[in-house]
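Note: the block below is data27.txt and it holds compact mmCIF, C-alpha atoms.
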# COMPACT_ATOMS: atom_id res chain seq x y z
CA LYS A 1 12.61 -11.72 5.34
CA GLN A 2 11.27 -10.50 2.01
CA GLU A 3 12.76 -7.26 0.73
CA VAL A 4 11.55 -5.33 -2.29
CA THR A 5 13.73 -2.85 -4.15
CA GLN A 6 12.71 -0.45 -6.88
CA ILE A 7 15.05 1.22 -9.34
CA PRO A 8 15.29 4.04 -10.18
CA ALA A 9 14.04 6.02 -7.18
CA ALA A 10 13.10 8.89 -9.46
CA LEU A 11 12.73 9.29 -13.19
CA SER A 12 12.00 12.31 -15.36
CA VAL A 13 11.15 11.86 -19.03
CA PRO A 14 9.69 13.92 -21.86
CA GLU A 15 6.15 13.26 -22.94
CA GLY A 16 5.74 10.43 -25.45
CA GLU A 17 8.72 8.42 -24.29
CA ASN A 18 8.43 4.72 -23.49
CA LEU A 19 9.85 3.81 -20.10
CA VAL A 20 10.58 0.87 -17.82
CA LEU A 21 10.38 0.73 -14.05
CA ASN A 22 12.14 -2.07 -12.23
CA CYS A 23 11.26 -4.05 -9.13
CA SER A 24 13.25 -6.84 -7.51
CA PHE A 25 12.46 -9.06 -4.55
CA THR A 26 14.72 -11.29 -2.49
CA ASP A 27 12.49 -14.32 -1.89
CA SER A 28 11.14 -15.81 -5.10
CA ALA A 29 8.47 -17.86 -3.31
CA ILE A 30 5.69 -15.34 -3.89
CA TYR A 31 1.97 -15.72 -4.44
CA ASN A 32 1.56 -12.61 -6.57
CA LEU A 33 3.08 -9.24 -7.40
CA GLN A 34 1.16 -6.03 -7.78
CA TRP A 35 1.94 -2.62 -9.21
CA PHE A 36 0.26 0.45 -7.73
CA ARG A 37 0.12 4.12 -8.52
CA GLN A 38 0.11 6.75 -5.78
CA ASP A 39 -0.55 10.43 -6.38
CA PRO A 40 0.81 12.93 -3.81
CA GLY A 41 -1.11 12.76 -0.55
CA LYS A 42 -3.45 10.09 -1.88
CA GLY A 43 -4.05 6.40 -1.43
CA LEU A 44 -3.08 3.58 -3.76
CA THR A 45 -4.58 2.72 -7.10
CA SER A 46 -4.00 -0.84 -8.22
CA LEU A 47 -2.66 -1.00 -11.78
CA LEU A 48 -1.78 -4.61 -12.47
CA LEU A 49 -1.68 -7.83 -10.49
CA ILE A 50 0.40 -10.77 -11.70
CA GLN A 51 -0.13 -14.18 -10.20
CA SER A 52 2.99 -16.25 -9.59
CA SER A 53 2.05 -18.59 -12.43
CA GLN A 54 1.78 -15.73 -14.93
CA ARG A 55 4.53 -14.04 -16.93
CA GLU A 56 2.86 -10.74 -17.71
CA GLN A 57 -0.27 -8.63 -17.53
CA THR A 58 -1.37 -5.78 -19.76
CA SER A 59 -3.76 -2.91 -19.27
CA GLY A 60 -3.90 -0.20 -21.90
CA ARG A 61 -0.47 1.42 -22.17
CA LEU A 62 0.84 -0.56 -19.21
CA ASN A 63 2.54 -3.92 -19.33
CA ALA A 64 3.98 -5.69 -16.32
CA SER A 65 6.21 -8.72 -16.52
CA LEU A 66 7.26 -11.17 -13.85
CA ASP A 67 10.31 -13.41 -13.71
CA LYS A 68 9.80 -15.19 -10.45
CA SER A 69 12.94 -17.29 -10.58
CA SER A 70 15.17 -14.25 -10.83
CA GLY A 71 13.06 -12.17 -8.47
CA ARG A 72 12.31 -9.41 -10.93
CA SER A 73 9.39 -7.52 -12.35
CA THR A 74 9.20 -4.63 -14.77
CA LEU A 75 6.47 -2.13 -15.48
CA TYR A 76 6.52 -0.83 -19.03
CA ILE A 77 4.68 2.40 -19.80
CA ALA A 78 4.20 3.18 -23.46
CA ALA A 79 3.84 6.67 -24.89
CA SER A 80 4.04 8.38 -21.51
CA GLN A 81 1.79 11.35 -20.74
CA PRO A 82 2.01 14.13 -18.11
CA GLY A 83 -0.95 12.50 -16.38
CA ASP A 84 1.24 9.46 -15.72
CA SER A 85 3.29 11.52 -13.28
CA ALA A 86 3.02 9.80 -9.89
CA THR A 87 4.86 7.40 -7.63
CA TYR A 88 4.74 3.78 -8.73
CA LEU A 89 4.97 1.10 -6.08
CA CYS A 90 5.41 -2.61 -6.47
CA ALA A 91 4.41 -5.05 -3.76
CA VAL A 92 4.66 -8.80 -3.32
CA GLN A 93 2.36 -11.10 -1.46
CA GLU A 94 3.95 -14.31 -0.25
CA THR A 95 0.86 -16.37 0.44
CA SER A 96 -2.83 -16.00 -0.31
CA GLY A 97 -4.42 -13.45 2.02
CA SER A 98 -1.14 -12.42 3.63
CA ARG A 99 0.43 -8.99 4.03
CA LEU A 100 1.95 -7.06 1.16
CA THR A 101 5.62 -6.09 1.20
CA PHE A 102 6.21 -2.86 -0.66
CA GLY A 103 9.18 -1.33 -2.41
CA GLU A 104 9.98 2.32 -1.82
CA GLY A 105 8.61 3.37 -5.16
CA THR A 106 9.74 5.17 -8.28
CA GLN A 107 8.70 8.80 -8.55
CA LEU A 108 7.91 9.45 -12.21
CA THR A 109 7.66 12.89 -13.77
CA VAL A 110 6.54 13.18 -17.38
CA ASN A 111 7.28 16.62 -18.77
CA PRO A 112 5.01 18.18 -21.41
CA GLY B 1 -15.69 -2.34 -7.70
CA ALA B 2 -14.62 -2.72 -4.09
CA VAL B 3 -14.47 0.61 -2.27
CA VAL B 4 -12.70 1.35 0.99
CA SER B 5 -13.13 4.67 2.76
CA GLN B 6 -11.18 6.29 5.56
CA HIS B 7 -12.27 9.01 7.93
CA PRO B 8 -11.00 11.57 8.55
CA SER B 9 -8.82 12.30 5.54
CA ARG B 10 -6.80 14.80 7.53
CA VAL B 11 -6.51 15.40 11.26
CA ILE B 12 -4.43 17.70 13.40
CA CYS B 13 -4.19 17.00 17.11
CA LYS B 14 -2.16 18.18 20.05
CA SER B 15 0.52 16.13 21.74
CA GLY B 16 -0.86 13.86 24.41
CA THR B 17 -4.31 13.51 22.92
CA SER B 18 -5.76 10.47 21.20
CA VAL B 19 -7.13 10.30 17.70
CA LYS B 20 -9.27 7.65 16.02
CA ILE B 21 -9.13 6.76 12.34
CA GLU B 22 -11.90 4.72 10.74
CA CYS B 23 -11.59 2.33 7.82
CA ARG B 24 -14.76 1.10 6.15
CA SER B 25 -15.42 -1.34 3.35
CA LEU B 26 -18.43 0.18 1.61
CA ASP B 27 -19.68 -2.52 -0.71
CA PHE B 28 -18.23 -5.74 0.63
CA GLN B 29 -17.58 -7.53 3.88
CA ALA B 30 -13.91 -7.54 4.79
CA THR B 31 -12.71 -10.53 6.75
CA THR B 32 -9.27 -9.00 7.10
CA MET B 33 -8.09 -5.41 7.34
CA PHE B 34 -4.52 -4.19 7.27
CA TRP B 35 -3.12 -0.93 8.65
CA TYR B 36 -0.06 0.61 7.02
CA ARG B 37 2.00 3.66 7.84
CA GLN B 38 3.87 5.73 5.28
CA PHE B 39 6.56 8.32 5.95
CA PRO B 40 7.25 11.03 3.37
CA LYS B 41 8.79 9.61 0.20
CA LYS B 42 8.99 6.21 1.81
CA SER B 43 7.18 2.97 1.30
CA LEU B 44 4.22 1.57 3.18
CA MET B 45 5.10 -0.33 6.31
CA LEU B 46 2.59 -2.80 7.70
CA MET B 47 1.63 -2.00 11.27
CA ALA B 48 -0.92 -4.68 12.02
CA THR B 49 -3.37 -7.18 10.60
CA SER B 50 -6.84 -7.47 12.02
CA ASN B 51 -9.48 -10.11 11.53
CA GLU B 52 -13.09 -9.43 12.41
CA GLY B 53 -13.88 -10.41 15.97
CA SER B 54 -10.35 -11.22 17.04
CA LYS B 55 -7.33 -9.35 18.34
CA ALA B 56 -5.05 -7.66 15.87
CA THR B 57 -1.64 -9.09 15.06
CA TYR B 58 1.01 -6.40 15.32
CA GLU B 59 4.28 -6.24 13.42
CA GLN B 60 7.53 -6.26 15.30
CA GLY B 61 8.32 -2.85 16.71
CA VAL B 62 4.74 -1.57 16.67
CA GLU B 63 3.42 -0.77 20.15
CA LYS B 64 0.02 -2.36 20.53
CA ASP B 65 -0.85 -0.20 23.53
CA LYS B 66 -0.14 2.94 21.54
CA PHE B 67 -1.84 1.93 18.31
CA LEU B 68 -5.13 0.36 19.32
CA ILE B 69 -6.90 -1.53 16.56
CA ASN B 70 -10.49 -2.68 16.74
CA HIS B 71 -12.23 -4.71 14.03
CA ALA B 72 -15.70 -4.95 15.49
CA SER B 73 -17.59 -5.70 12.30
CA LEU B 74 -17.01 -6.99 8.79
CA THR B 75 -17.15 -3.45 7.41
CA LEU B 76 -15.35 -1.36 10.01
CA SER B 77 -11.90 -1.27 11.58
CA THR B 78 -10.56 1.56 13.70
CA LEU B 79 -7.03 2.64 14.56
CA THR B 80 -6.65 4.79 17.66
CA VAL B 81 -3.35 6.55 18.21
CA THR B 82 -3.14 7.09 21.94
CA SER B 83 -1.13 9.83 23.66
CA ALA B 84 0.02 11.09 20.28
CA HIS B 85 3.49 12.57 19.82
CA PRO B 86 4.87 14.60 16.91
CA GLU B 87 6.80 11.53 15.73
CA ASP B 88 3.46 9.80 15.17
CA SER B 89 2.75 12.29 12.40
CA SER B 90 2.43 10.24 9.26
CA PHE B 91 0.14 9.02 6.50
CA TYR B 92 -1.94 6.05 7.63
CA ILE B 93 -3.53 3.79 5.01
CA CYS B 94 -5.82 0.83 5.55
CA SER B 95 -6.66 -1.99 3.20
CA ALA B 96 -9.39 -4.59 3.28
CA SER B 97 -9.73 -8.01 1.75
CA VAL B 98 -12.32 -10.71 1.46
CA SER B 99 -10.98 -14.12 2.41
CA HIS B 100 -7.90 -14.66 0.24
CA TYR B 101 -8.62 -12.20 -2.53
CA GLU B 102 -6.69 -9.04 -3.26
CA GLN B 103 -6.50 -6.09 -0.93
CA TYR B 104 -8.38 -2.88 -1.63
CA PHE B 105 -6.83 0.29 -0.26
CA GLY B 106 -8.41 3.30 1.39
CA PRO B 107 -7.47 6.87 0.44
CA GLY B 108 -5.35 7.38 3.54
CA THR B 109 -5.42 9.69 6.57
CA ARG B 110 -2.84 12.42 7.12
CA LEU B 111 -2.15 12.77 10.84
CA THR B 112 -0.27 15.80 12.13
CA VAL B 113 0.57 16.00 15.82
CA THR B 114 1.56 19.46 17.06
Rewrite the coordinates I just gave you, this time as structure tokens.
Amino acid sequence: KQEVTQIPAALSVPEGENLVLNCSFTDSAIYNLQWFRQDPGKGLTSLLLIQSSQREQTSGRLNASLDKSSGRSTLYIAASQPGDSATYLCAVQETSGSRLTFGEGTQLTVNP
Amino acid sequence: GAVVSQHPSRVICKSGTSVKIECRSLDFQATTMFWYRQFPKKSLMLMATSNEGSKATYEQGVEKDKFLINHASLTLSTLTVTSAHPEDSSFYICSASVSHYEQYFGPGTRLTVT
């Protein structure tokens, strides 16, 4: 059974700092991995999706990497801003069209 | 882009009553819809997968007679929580996908059972 773990559970940083969020999964046979952002009481916003054949994806100040063989992904946020404060979730999909398995998230607080 | 809506966004009901939550894909036809449940500060747990016109597939431990899912059309799926109890209070999120493409998530519904 696939299990997804995110470390740390919570992170507080000063504005402007670069930071890395970690995600690991137990079964490396995945179809893709996705990073989401969730604001309190809200739904999910998709940030980056990495196909299993890809090593990384970038969008603005965000960069996500994938090392499928070791079962790890990182989300790098450059020059963090208070507006980045949210919970970040990673999720893996094992086959095309199948369910997503989520980690428990990292709650990020960026202090002005 | 693909938009998924949920209605209502918040609902409060009394124990023993039933409540229906709607999930709609607004600008695309969703062949598959997923229903997730999220407890405070916890991750999303898949409850069931529904394909248009067929019965939903429930995850282990999810009572299908308590959480009724109907996917009557390619743009609408409903989750009905029957005989609600306070422990059913949670955040319910749906997602929709077209064939094998990525899932698009709704904004969620906060259910409180008193």
>> Quick one: residues within 7 Å of Ala86 of chain A, only C-alpha atoms, excluding same-chain residues fewer than 6 positions away - as a ChimeraX atom specification?
In response: /A:37-39,107-109
Go ahead and write the selection's residues with C-alpha atoms as a PDB file, in the frame of the given file.
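again34.pdb, freshly written:
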ATOM      1  CA  ARG A  37       0.120   4.120  -8.520  1.00  0.00           C
ATOM      2  CA  GLN A  38       0.110   6.750  -5.780  1.00  0.00           C
ATOM      3  CA  ASP A  39      -0.550  10.430  -6.380  1.00  0.00           C
ATOM      4  CA  GLN A 107       8.700   8.800  -8.550  1.00  0.00           C
ATOM      5  CA  LEU A 108       7.910   9.450 -12.210  1.00  0.00           C
ATOM      6  CA  THR A 109       7.660  12.890 -13.770  1.00  0.00           C
TER       7      THR A 109
END
> Which chain B residues are at most 9 Å from chain A (counting all atoms listed in the file), as a VMD selection string?
Replying inline: chain B and resid 32 34 41 to 46 49 91 93 97 to 110
>> So that I can see what lies close to segment 55-58 of chain A, please list as a list in words the residues with an atom at most 12 Å from it, counting all atoms listed in the file and leaving out residues fewer than 5 positions away in the same chain.
In response: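 So the residues in contact are Asn32, Leu33, Gln34, Trp35, Leu47, Leu48, Leu49, Ile50, Asn63, Ala64, Ser65, Leu66, Asp67, Lys68, Ser69, Arg72, Ser73, Thr74, Leu75, Tyr76, Ile77 and Ala78 of chain A.
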>> Between B:Asn70, B:Ser89, B:Gln29, B:Asn51, which residue has the minimum interatomic distance to Ala2 of chain B, considering only C-alpha atoms?
In response: B:Gln29
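Distance-wise, atom CA of His85 of chain B and atom CA of Gly16 of chain B end up 6.5 Å apart.
For the point (2.7, 15.7, -20.1), the residues with an atom at a distance of at most 10 Å are Val13, Pro14, Glu15, Gly16, Ser80, Gln81, Pro82, Gly83, Asp84, Ser85, Thr109, Val110, Asn111 and Pro112 of chain A, counting only C-alpha atoms.
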>> Can you measure atom CA of Met33 of chain B to atom CA of Val92 of chain A for me? One decimal in Å is fine.
In response: 17.0 Å
>> Residues near Ser25 of chain B, anyone? I mean within 6 Å using all atoms listed in the file, not counting same-chain ones fewer than 3 positions away, as a list in words.
In response: Val4, Phe28 and Thr75 of chain B
